[in-house]
Amino acid sequence: MKSMLILVVVLASSMIGNSAFAAGRLEAKFSYPMSSDGRRSDTGRAVVVFSLRNTGDAPVAYSVAQLPVAESDGYLTNNVLRITDLNGEEAPYIGMFVSYSDRGKSTTRLLQAGEIRTATIDILKNYELHAGRIYNVELRFGAPYAEEPEGRISADSSPLRMKSGDAGSIKVRLDPNAEARKPNQASEYESKTPGAVCSSTQQSDFQAAKAVAFATAEEGVDALSSGFVYDWNEDYTDVVVTFPHNARFWRWFGPRVNPVDPDDPTTNDAQVDLGIAAIYARMSDDQSIPKPIVTAACDCTAEQESKHWIAYVIPTQHYVVHTCSSFYAAEMIPTGSPDSASKVGTLLHEVSHFSDSLWSGTSDIVDPVTQLGVRTYDGAISLAATDKPSAVRNATNFEFYLINYDDE
């Protein structure tokens with residue numbers, strides 16, 4: 001008899017009441033999934049429902065970049081939840097990361113008065129959980145929204161004059177005998193991709209883009225390595241490592257701390273070093289150290305194509321890049337606007353998301369000021385200048401550093 005997953009959902013005290021926001025305009029909450037007859041339908045399944053409801057009498061705007069957006073089968077498209085056990089250990093994200101062909105487009109959406117939007121989220125499909133543990137589930141970036149007089153607000157408002165909000169949290173407890181999926185097990189996505197085989201033309205285009213992406217990553221490694229300076233200390237007893245001002249590094253990751261501590265892999269700067277080296281190693285076909293080869297799957301659905309997806313990855317599927325038709329229509333590298341969709345930029349961006357023994361990978365960060373996803377050239381520069389810890393984990397910052405659009 002298969003072990004059952006028992007999901008216990010407890011609403012936090014902040015959820016008691018009619019609204020999660022002081023203004024009473026927007027209600028955001030987690031809840032139990034319910035059957036048509038009004039009974040809980042989550043028994044044995046790690047599934048929660050996230051809902052937004054406009055309780056006011058005028059439209060409000062919010063950004064989908066920091067809220068749960070689930071595919072029809074429960075997969076998230078970004079790591080927007082923070083799931084921690086009682087010891088504060090965060091559960092790794094194993095859902096999807098998506099790149100868009102129109103990434104400069106606003107992620108702001110309108111919610112009309114009285115309108116409700118919901119997303120059903122399968123926690124086990126998106127996060128690595130351990131049987132027998134209790135987890136707290138909350139929004140990673142909060143749920144800010146903008147309230148404007150009707151007629152002045154638009155879906156392209158940017159930046160928004162955001163009001164802070166919180167959806168509270170829920171607790172998830174897995175039965176001690178539950179068989180939670182291990183992060184390296186095949187996900188359902190891997191077993192339901194009948195159209196995953198690319199045409200010969202697509203394969204040829206992908207391999208050409210991969211070769212350019214590898215050369216681009218190799219140049220990035222060389223540029224980073226050349227920035228270090230090695231000198232003896234005053235007593236000639238030890239080597240002091242420094243990294244003088246480097247326009248390219250500072251633009252995308254902020255100033256570097258000097259002197260460099262080569263023995264501390266936990267610093268923000270060390271994450272950049274690890275990340276650039278990991279992207280280079282993943283893009284390489286060299287098998288001196290056995291590892292998967294970066295390959296393409298051509299399996300985007302019609303719905304994903306309609307949302308302007310260009311590619312996506314699942315961090316634990318090493319190293320499959322799921323490509324959409326717009327990937328093959330994109331130019332090789334950006335030649336006009338730096339935000340133009342490109343094959344090489346997309347590959348470097350998506351490959352940075354993988355989590356493996358080389359590096360734990362990047363996320364798609366939300367800017368704490370604008371509340372928008374940091375996917376653009378200007379947004380990545382701003383993030384590096386204002387929030388270095390986020391910049392060194394943001395896929396777009398690594399993409400632009402390696403592309404080196406400014407030829408620095």
# chains A, B, ... in the order shown; residues from 1 in each chain; ligands from 1
$ residues_around --residues "region 82-99 of chain A" --least-positions-apart "4" --cutoff "7 Å" --atoms "only C-alpha atoms" --output "list in words"
Tyr75, Leu76, Thr77, Asn78, Lys125, Asn126, Tyr127, Glu128, Leu129, Arg133, Ile134, Tyr135, Asn136, Val137, Glu138, Leu139, Arg140, Trp309, Ile310, Ala311, Tyr312, Val313, Ile314, Pro315 and Thr316 of chain A
$ residues_around --residues "Leu348 (chain A)" --least-positions-apart "3" --cutoff "10 Å" --atoms "only C-alpha atoms" --output "PDB file with all heavy atoms, in the first residue's frame"
ATOM      1  N   LYS A 210      24.749  26.966 -28.838  1.00  0.00           N
ATOM      2  CA  LYS A 210      25.476  26.413 -27.688  1.00  0.00           C
ATOM      3  C   LYS A 210      26.977  26.649 -27.838  1.00  0.00           C
ATOM      4  O   LYS A 210      27.665  26.979 -26.858  1.00  0.00           O
ATOM      5  CB  LYS A 210      25.162  24.923 -27.578  1.00  0.00           C
ATOM      6  CG  LYS A 210      25.874  24.198 -26.453  1.00  0.00           C
ATOM      7  CD  LYS A 210      25.470  22.727 -26.454  1.00  0.00           C
ATOM      8  CE  LYS A 210      26.414  21.895 -25.636  1.00  0.00           C
ATOM      9  NZ  LYS A 210      26.074  20.447 -25.686  1.00  0.00           N
ATOM     10  N   ALA A 213      27.610  30.215 -27.046  1.00  0.00           N
ATOM     11  CA  ALA A 213      27.414  30.426 -25.605  1.00  0.00           C
ATOM     12  C   ALA A 213      28.610  29.907 -24.816  1.00  0.00           C
ATOM     13  O   ALA A 213      29.036  30.534 -23.839  1.00  0.00           O
ATOM     14  CB  ALA A 213      26.128  29.741 -25.146  1.00  0.00           C
ATOM     15  N   PHE A 214      29.157  28.775 -25.231  1.00  0.00           N
ATOM     16  CA  PHE A 214      30.332  28.239 -24.550  1.00  0.00           C
ATOM     17  C   PHE A 214      31.524  29.182 -24.705  1.00  0.00           C
ATOM     18  O   PHE A 214      32.228  29.480 -23.733  1.00  0.00           O
ATOM     19  CB  PHE A 214      30.696  26.861 -25.102  1.00  0.00           C
ATOM     20  CG  PHE A 214      32.029  26.351 -24.606  1.00  0.00           C
ATOM     21  CD1 PHE A 214      32.186  25.927 -23.296  1.00  0.00           C
ATOM     22  CD2 PHE A 214      33.133  26.326 -25.454  1.00  0.00           C
ATOM     23  CE1 PHE A 214      33.414  25.475 -22.829  1.00  0.00           C
ATOM     24  CE2 PHE A 214      34.360  25.881 -24.998  1.00  0.00           C
ATOM     25  CZ  PHE A 214      34.507  25.448 -23.679  1.00  0.00           C
ATOM     26  N   THR A 216      31.401  32.333 -25.236  1.00  0.00           N
ATOM     27  CA  THR A 216      31.087  33.533 -24.470  1.00  0.00           C
ATOM     28  C   THR A 216      31.368  33.312 -22.989  1.00  0.00           C
ATOM     29  O   THR A 216      31.933  34.183 -22.311  1.00  0.00           O
ATOM     30  CB  THR A 216      29.608  33.918 -24.678  1.00  0.00           C
ATOM     31  OG1 THR A 216      29.360  34.131 -26.074  1.00  0.00           O
ATOM     32  CG2 THR A 216      29.253  35.180 -23.912  1.00  0.00           C
ATOM     33  N   ALA A 217      30.975  32.149 -22.472  1.00  0.00           N
ATOM     34  CA  ALA A 217      31.242  31.824 -21.069  1.00  0.00           C
ATOM     35  C   ALA A 217      32.741  31.696 -20.818  1.00  0.00           C
ATOM     36  O   ALA A 217      33.248  32.115 -19.766  1.00  0.00           O
ATOM     37  CB  ALA A 217      30.519  30.526 -20.693  1.00  0.00           C
ATOM     38  N   ILE A 276      30.089  31.916 -12.388  1.00  0.00           N
ATOM     39  CA  ILE A 276      30.671  32.052 -13.726  1.00  0.00           C
ATOM     40  C   ILE A 276      31.413  30.779 -14.120  1.00  0.00           C
ATOM     41  O   ILE A 276      31.301  30.303 -15.259  1.00  0.00           O
ATOM     42  CB  ILE A 276      31.597  33.281 -13.774  1.00  0.00           C
ATOM     43  CG1 ILE A 276      30.761  34.553 -13.644  1.00  0.00           C
ATOM     44  CG2 ILE A 276      32.407  33.305 -15.063  1.00  0.00           C
ATOM     45  CD1 ILE A 276      31.560  35.819 -13.525  1.00  0.00           C
ATOM     46  N   ILE A 279      28.726  28.009 -14.903  1.00  0.00           N
ATOM     47  CA  ILE A 279      28.072  28.178 -16.208  1.00  0.00           C
ATOM     48  C   ILE A 279      29.009  27.718 -17.329  1.00  0.00           C
ATOM     49  O   ILE A 279      28.600  27.017 -18.265  1.00  0.00           O
ATOM     50  CB  ILE A 279      27.658  29.646 -16.410  1.00  0.00           C
ATOM     51  CG1 ILE A 279      26.581  30.030 -15.394  1.00  0.00           C
ATOM     52  CG2 ILE A 279      27.148  29.873 -17.836  1.00  0.00           C
ATOM     53  CD1 ILE A 279      26.296  31.521 -15.330  1.00  0.00           C
ATOM     54  N   TYR A 280      30.274  28.091 -17.230  1.00  0.00           N
ATOM     55  CA  TYR A 280      31.272  27.663 -18.217  1.00  0.00           C
ATOM     56  C   TYR A 280      31.382  26.136 -18.253  1.00  0.00           C
ATOM     57  O   TYR A 280      31.367  25.520 -19.335  1.00  0.00           O
ATOM     58  CB  TYR A 280      32.615  28.283 -17.878  1.00  0.00           C
ATOM     59  CG  TYR A 280      33.799  27.654 -18.580  1.00  0.00           C
ATOM     60  CD1 TYR A 280      34.015  27.847 -19.938  1.00  0.00           C
ATOM     61  CD2 TYR A 280      34.688  26.835 -17.879  1.00  0.00           C
ATOM     62  CE1 TYR A 280      35.094  27.260 -20.580  1.00  0.00           C
ATOM     63  CE2 TYR A 280      35.757  26.249 -18.513  1.00  0.00           C
ATOM     64  CZ  TYR A 280      35.967  26.454 -19.863  1.00  0.00           C
ATOM     65  OH  TYR A 280      37.029  25.864 -20.500  1.00  0.00           O
ATOM     66  N   ARG A 282      29.191  23.877 -17.252  1.00  0.00           N
ATOM     67  CA  ARG A 282      27.961  23.244 -17.738  1.00  0.00           C
ATOM     68  C   ARG A 282      27.840  23.345 -19.248  1.00  0.00           C
ATOM     69  O   ARG A 282      27.331  22.416 -19.896  1.00  0.00           O
ATOM     70  CB  ARG A 282      26.746  23.903 -17.068  1.00  0.00           C
ATOM     71  CG  ARG A 282      26.632  23.634 -15.572  1.00  0.00           C
ATOM     72  CD  ARG A 282      25.624  24.562 -14.918  1.00  0.00           C
ATOM     73  NE  ARG A 282      25.592  24.414 -13.468  1.00  0.00           N
ATOM     74  CZ  ARG A 282      24.971  25.242 -12.639  1.00  0.00           C
ATOM     75  NH1 ARG A 282      24.338  26.302 -13.128  1.00  0.00           N
ATOM     76  NH2 ARG A 282      24.993  25.021 -11.333  1.00  0.00           N
ATOM     77  N   MET A 283      28.271  24.471 -19.821  1.00  0.00           N
ATOM     78  CA  MET A 283      28.166  24.655 -21.266  1.00  0.00           C
ATOM     79  C   MET A 283      29.165  23.800 -22.033  1.00  0.00           C
ATOM     80  O   MET A 283      28.998  23.557 -23.231  1.00  0.00           O
ATOM     81  CB  MET A 283      28.389  26.122 -21.631  1.00  0.00           C
ATOM     82  CG  MET A 283      27.310  27.099 -21.171  1.00  0.00           C
ATOM     83  SD  MET A 283      25.640  26.718 -21.753  1.00  0.00           S
ATOM     84  CE  MET A 283      25.896  26.457 -23.487  1.00  0.00           C
ATOM     85  N   LYS A 343      19.468  33.880 -28.614  1.00  0.00           N
ATOM     86  CA  LYS A 343      19.712  32.473 -28.305  1.00  0.00           C
ATOM     87  C   LYS A 343      20.797  32.335 -27.240  1.00  0.00           C
ATOM     88  O   LYS A 343      20.644  31.581 -26.267  1.00  0.00           O
ATOM     89  CB  LYS A 343      20.131  31.717 -29.571  1.00  0.00           C
ATOM     90  CG  LYS A 343      19.074  31.622 -30.667  1.00  0.00           C
ATOM     91  CD  LYS A 343      19.601  30.781 -31.818  1.00  0.00           C
ATOM     92  CE  LYS A 343      18.592  30.673 -32.964  1.00  0.00           C
ATOM     93  NZ  LYS A 343      18.503  31.944 -33.715  1.00  0.00           N
ATOM     94  N   VAL A 344      21.914  33.040 -27.429  1.00  0.00           N
ATOM     95  CA  VAL A 344      23.043  32.897 -26.517  1.00  0.00           C
ATOM     96  C   VAL A 344      22.685  33.432 -25.125  1.00  0.00           C
ATOM     97  O   VAL A 344      22.964  32.791 -24.099  1.00  0.00           O
ATOM     98  CB  VAL A 344      24.289  33.615 -27.070  1.00  0.00           C
ATOM     99  CG1 VAL A 344      25.390  33.674 -26.024  1.00  0.00           C
ATOM    100  CG2 VAL A 344      24.779  32.895 -28.322  1.00  0.00           C
ATOM    101  N   GLY A 345      22.068  34.605 -25.061  1.00  0.00           N
ATOM    102  CA  GLY A 345      21.672  35.153 -23.775  1.00  0.00           C
ATOM    103  C   GLY A 345      20.710  34.237 -23.046  1.00  0.00           C
ATOM    104  O   GLY A 345      20.823  34.028 -21.829  1.00  0.00           O
ATOM    105  N   VAL A 351      20.908  28.177 -18.180  1.00  0.00           N
ATOM    106  CA  VAL A 351      21.888  27.230 -17.629  1.00  0.00           C
ATOM    107  C   VAL A 351      22.346  27.667 -16.242  1.00  0.00           C
ATOM    108  O   VAL A 351      22.695  26.836 -15.397  1.00  0.00           O
ATOM    109  CB  VAL A 351      23.087  27.085 -18.602  1.00  0.00           C
ATOM    110  CG1 VAL A 351      24.263  26.387 -17.944  1.00  0.00           C
ATOM    111  CG2 VAL A 351      22.647  26.305 -19.840  1.00  0.00           C
ATOM    112  N   SER A 352      22.289  28.969 -15.965  1.00  0.00           N
ATOM    113  CA  SER A 352      22.673  29.443 -14.631  1.00  0.00           C
ATOM    114  C   SER A 352      21.697  28.973 -13.556  1.00  0.00           C
ATOM    115  O   SER A 352      22.042  28.957 -12.366  1.00  0.00           O
ATOM    116  CB  SER A 352      22.757  30.975 -14.622  1.00  0.00           C
ATOM    117  OG  SER A 352      21.470  31.576 -14.566  1.00  0.00           O
ATOM    118  N   HIS A 353      20.493  28.593 -13.947  1.00  0.00           N
ATOM    119  CA  HIS A 353      19.473  28.191 -12.969  1.00  0.00           C
ATOM    120  C   HIS A 353      19.692  26.796 -12.392  1.00  0.00           C
ATOM    121  O   HIS A 353      19.128  26.469 -11.343  1.00  0.00           O
ATOM    122  CB  HIS A 353      18.088  28.212 -13.615  1.00  0.00           C
ATOM    123  CG  HIS A 353      17.501  29.578 -13.780  1.00  0.00           C
ATOM    124  ND1 HIS A 353      17.490  30.522 -12.781  1.00  0.00           N
ATOM    125  CD2 HIS A 353      16.869  30.154 -14.847  1.00  0.00           C
ATOM    126  CE1 HIS A 353      16.874  31.618 -13.211  1.00  0.00           C
ATOM    127  NE2 HIS A 353      16.504  31.428 -14.462  1.00  0.00           N
ATOM    128  N   ALA A 395      19.783  35.575 -12.307  1.00  0.00           N
ATOM    129  CA  ALA A 395      20.233  35.019 -13.584  1.00  0.00           C
ATOM    130  C   ALA A 395      20.522  36.099 -14.615  1.00  0.00           C
ATOM    131  O   ALA A 395      21.468  35.975 -15.401  1.00  0.00           O
ATOM    132  CB  ALA A 395      19.174  34.053 -14.123  1.00  0.00           C
ATOM    133  N   THR A 396      19.729  37.168 -14.626  1.00  0.00           N
ATOM    134  CA  THR A 396      19.924  38.220 -15.621  1.00  0.00           C
ATOM    135  C   THR A 396      21.270  38.914 -15.447  1.00  0.00           C
ATOM    136  O   THR A 396      21.910  39.311 -16.427  1.00  0.00           O
ATOM    137  CB  THR A 396      18.778  39.233 -15.545  1.00  0.00           C
ATOM    138  OG1 THR A 396      17.537  38.552 -15.775  1.00  0.00           O
ATOM    139  CG2 THR A 396      18.935  40.326 -16.593  1.00  0.00           C
ATOM    140  N   PHE A 398      24.094  37.569 -14.381  1.00  0.00           N
ATOM    141  CA  PHE A 398      25.115  36.692 -14.957  1.00  0.00           C
ATOM    142  C   PHE A 398      25.034  36.707 -16.480  1.00  0.00           C
ATOM    143  O   PHE A 398      26.056  36.720 -17.167  1.00  0.00           O
ATOM    144  CB  PHE A 398      24.945  35.261 -14.429  1.00  0.00           C
ATOM    145  CG  PHE A 398      25.492  35.070 -13.049  1.00  0.00           C
ATOM    146  CD1 PHE A 398      24.700  35.301 -11.935  1.00  0.00           C
ATOM    147  CD2 PHE A 398      26.810  34.685 -12.849  1.00  0.00           C
ATOM    148  CE1 PHE A 398      25.205  35.143 -10.649  1.00  0.00           C
ATOM    149  CE2 PHE A 398      27.332  34.519 -11.573  1.00  0.00           C
ATOM    150  CZ  PHE A 398      26.527  34.755 -10.466  1.00  0.00           C
ATOM    151  N   GLU A 399      23.833  36.706 -17.013  1.00  0.00           N
ATOM    152  CA  GLU A 399      23.651  36.747 -18.466  1.00  0.00           C
ATOM    153  C   GLU A 399      24.330  37.969 -19.072  1.00  0.00           C
ATOM    154  O   GLU A 399      25.105  37.857 -20.031  1.00  0.00           O
ATOM    155  CB  GLU A 399      22.152  36.761 -18.786  1.00  0.00           C
ATOM    156  CG  GLU A 399      21.834  36.978 -20.254  1.00  0.00           C
ATOM    157  CD  GLU A 399      20.356  37.207 -20.503  1.00  0.00           C
ATOM    158  OE1 GLU A 399      19.543  36.942 -19.594  1.00  0.00           O
ATOM    159  OE2 GLU A 399      20.019  37.663 -21.613  1.00  0.00           O
ATOM    160  N   PHE A 400      24.069  39.154 -18.500  1.00  0.00           N
ATOM    161  CA  PHE A 400      24.634  40.378 -19.070  1.00  0.00           C
ATOM    162  C   PHE A 400      26.133  40.490 -18.817  1.00  0.00           C
ATOM    163  O   PHE A 400      26.862  41.051 -19.646  1.00  0.00           O
ATOM    164  CB  PHE A 400      23.897  41.604 -18.532  1.00  0.00           C
ATOM    165  CG  PHE A 400      22.588  41.870 -19.228  1.00  0.00           C
ATOM    166  CD1 PHE A 400      21.405  41.920 -18.515  1.00  0.00           C
ATOM    167  CD2 PHE A 400      22.544  42.062 -20.597  1.00  0.00           C
ATOM    168  CE1 PHE A 400      20.205  42.149 -19.157  1.00  0.00           C
ATOM    169  CE2 PHE A 400      21.341  42.295 -21.255  1.00  0.00           C
ATOM    170  CZ  PHE A 400      20.162  42.349 -20.528  1.00  0.00           C
ATOM    171  N   LEU A 402      28.210  38.009 -18.873  1.00  0.00           N
ATOM    172  CA  LEU A 402      28.853  37.134 -19.857  1.00  0.00           C
ATOM    173  C   LEU A 402      28.675  37.657 -21.285  1.00  0.00           C
ATOM    174  O   LEU A 402      29.618  37.621 -22.083  1.00  0.00           O
ATOM    175  CB  LEU A 402      28.296  35.715 -19.724  1.00  0.00           C
ATOM    176  CG  LEU A 402      28.660  35.010 -18.418  1.00  0.00           C
ATOM    177  CD1 LEU A 402      27.889  33.706 -18.275  1.00  0.00           C
ATOM    178  CD2 LEU A 402      30.156  34.757 -18.332  1.00  0.00           C
ATOM    179  N   ILE A 403      27.489  38.154 -21.613  1.00  0.00           N
ATOM    180  CA  ILE A 403      27.267  38.709 -22.947  1.00  0.00           C
ATOM    181  C   ILE A 403      28.181  39.910 -23.190  1.00  0.00           C
ATOM    182  O   ILE A 403      28.663  40.143 -24.296  1.00  0.00           O
ATOM    183  CB  ILE A 403      25.785  39.121 -23.114  1.00  0.00           C
ATOM    184  CG1 ILE A 403      24.901  37.879 -23.268  1.00  0.00           C
ATOM    185  CG2 ILE A 403      25.602  40.046 -24.313  1.00  0.00           C
ATOM    186  CD1 ILE A 403      25.045  37.141 -24.570  1.00  0.00           C
TER     187      ILE A 403
END
$ select_by_dssp --residues "region 91-156 of chain A" --states "helix (DSSP H, G or I)" --output "NGL selection string"
:A and (123-126)
$ write_last_selection --atoms "all heavy atoms" --output "mmCIF file, in the first residue's frame"
data_model
loop_
_atom_site.group_PDB
_atom_site.id
_atom_site.type_symbol
_atom_site.label_atom_id
_atom_site.label_comp_id
_atom_site.auth_asym_id
_atom_site.auth_seq_id
_atom_site.Cartn_x
_atom_site.Cartn_y
_atom_site.Cartn_z
ATOM 1 N N ILE A 123 2.928 21.617 -3.797
ATOM 2 C CA ILE A 123 4.184 21.919 -3.122
ATOM 3 C C ILE A 123 5.273 20.915 -3.486
ATOM 4 O O ILE A 123 6.429 21.268 -3.738
ATOM 5 C CB ILE A 123 3.993 21.954 -1.595
ATOM 6 C CG1 ILE A 123 2.942 22.994 -1.207
ATOM 7 C CG2 ILE A 123 5.310 22.267 -0.890
ATOM 8 C CD1 ILE A 123 3.299 24.404 -1.558
ATOM 9 N N LEU A 124 4.935 19.624 -3.530
ATOM 10 C CA LEU A 124 5.936 18.590 -3.790
ATOM 11 C C LEU A 124 6.496 18.641 -5.206
ATOM 12 O O LEU A 124 7.600 18.172 -5.451
ATOM 13 C CB LEU A 124 5.359 17.203 -3.525
ATOM 14 C CG LEU A 124 5.370 16.746 -2.062
ATOM 15 C CD1 LEU A 124 4.710 15.386 -1.932
ATOM 16 C CD2 LEU A 124 6.784 16.697 -1.523
ATOM 17 N N LYS A 125 5.748 19.195 -6.135
ATOM 18 C CA LYS A 125 6.264 19.328 -7.494
ATOM 19 C C LYS A 125 7.284 20.456 -7.609
ATOM 20 O O LYS A 125 8.062 20.503 -8.557
ATOM 21 C CB LYS A 125 5.122 19.595 -8.478
ATOM 22 C CG LYS A 125 4.311 18.368 -8.839
ATOM 23 C CD LYS A 125 3.312 18.704 -9.923
ATOM 24 C CE LYS A 125 2.548 17.467 -10.364
ATOM 25 N NZ LYS A 125 1.570 17.773 -11.441
ATOM 26 N N ASN A 126 7.249 21.365 -6.642
ATOM 27 C CA ASN A 126 8.055 22.574 -6.748
ATOM 28 C C ASN A 126 9.152 22.721 -5.712
ATOM 29 O O ASN A 126 10.066 23.518 -5.902
ATOM 30 C CB ASN A 126 7.130 23.795 -6.667
ATOM 31 C CG ASN A 126 6.189 23.886 -7.852
ATOM 32 O OD1 ASN A 126 6.597 24.255 -8.945
ATOM 33 N ND2 ASN A 126 4.935 23.521 -7.642
#
$ residues_around --residues "region 382-389 of chain A" --least-positions-apart "5" --cutoff "7 Å" --atoms "only C-alpha atoms" --output "VMD selection string"
chain A and resid 251 to 254 268 367
$ closest_residue --among "A:Ala70, A:Ala46, A:Ile365, A:Met34" --to "His130 (chain A)" --atoms "only C-alpha atoms"
A:Ala46
$ atom_distance --atom1 "CA of Pro259 (chain A)" --atom2 "CA of Val221 (chain A)"
19.9 Å
$ residues_around --residues "Gln271 (chain A)" --least-positions-apart "6" --cutoff "10 Å" --atoms "only C-alpha atoms" --output "PyMOL selection string"
chain A and resi 265+277+359-362+389+392-393
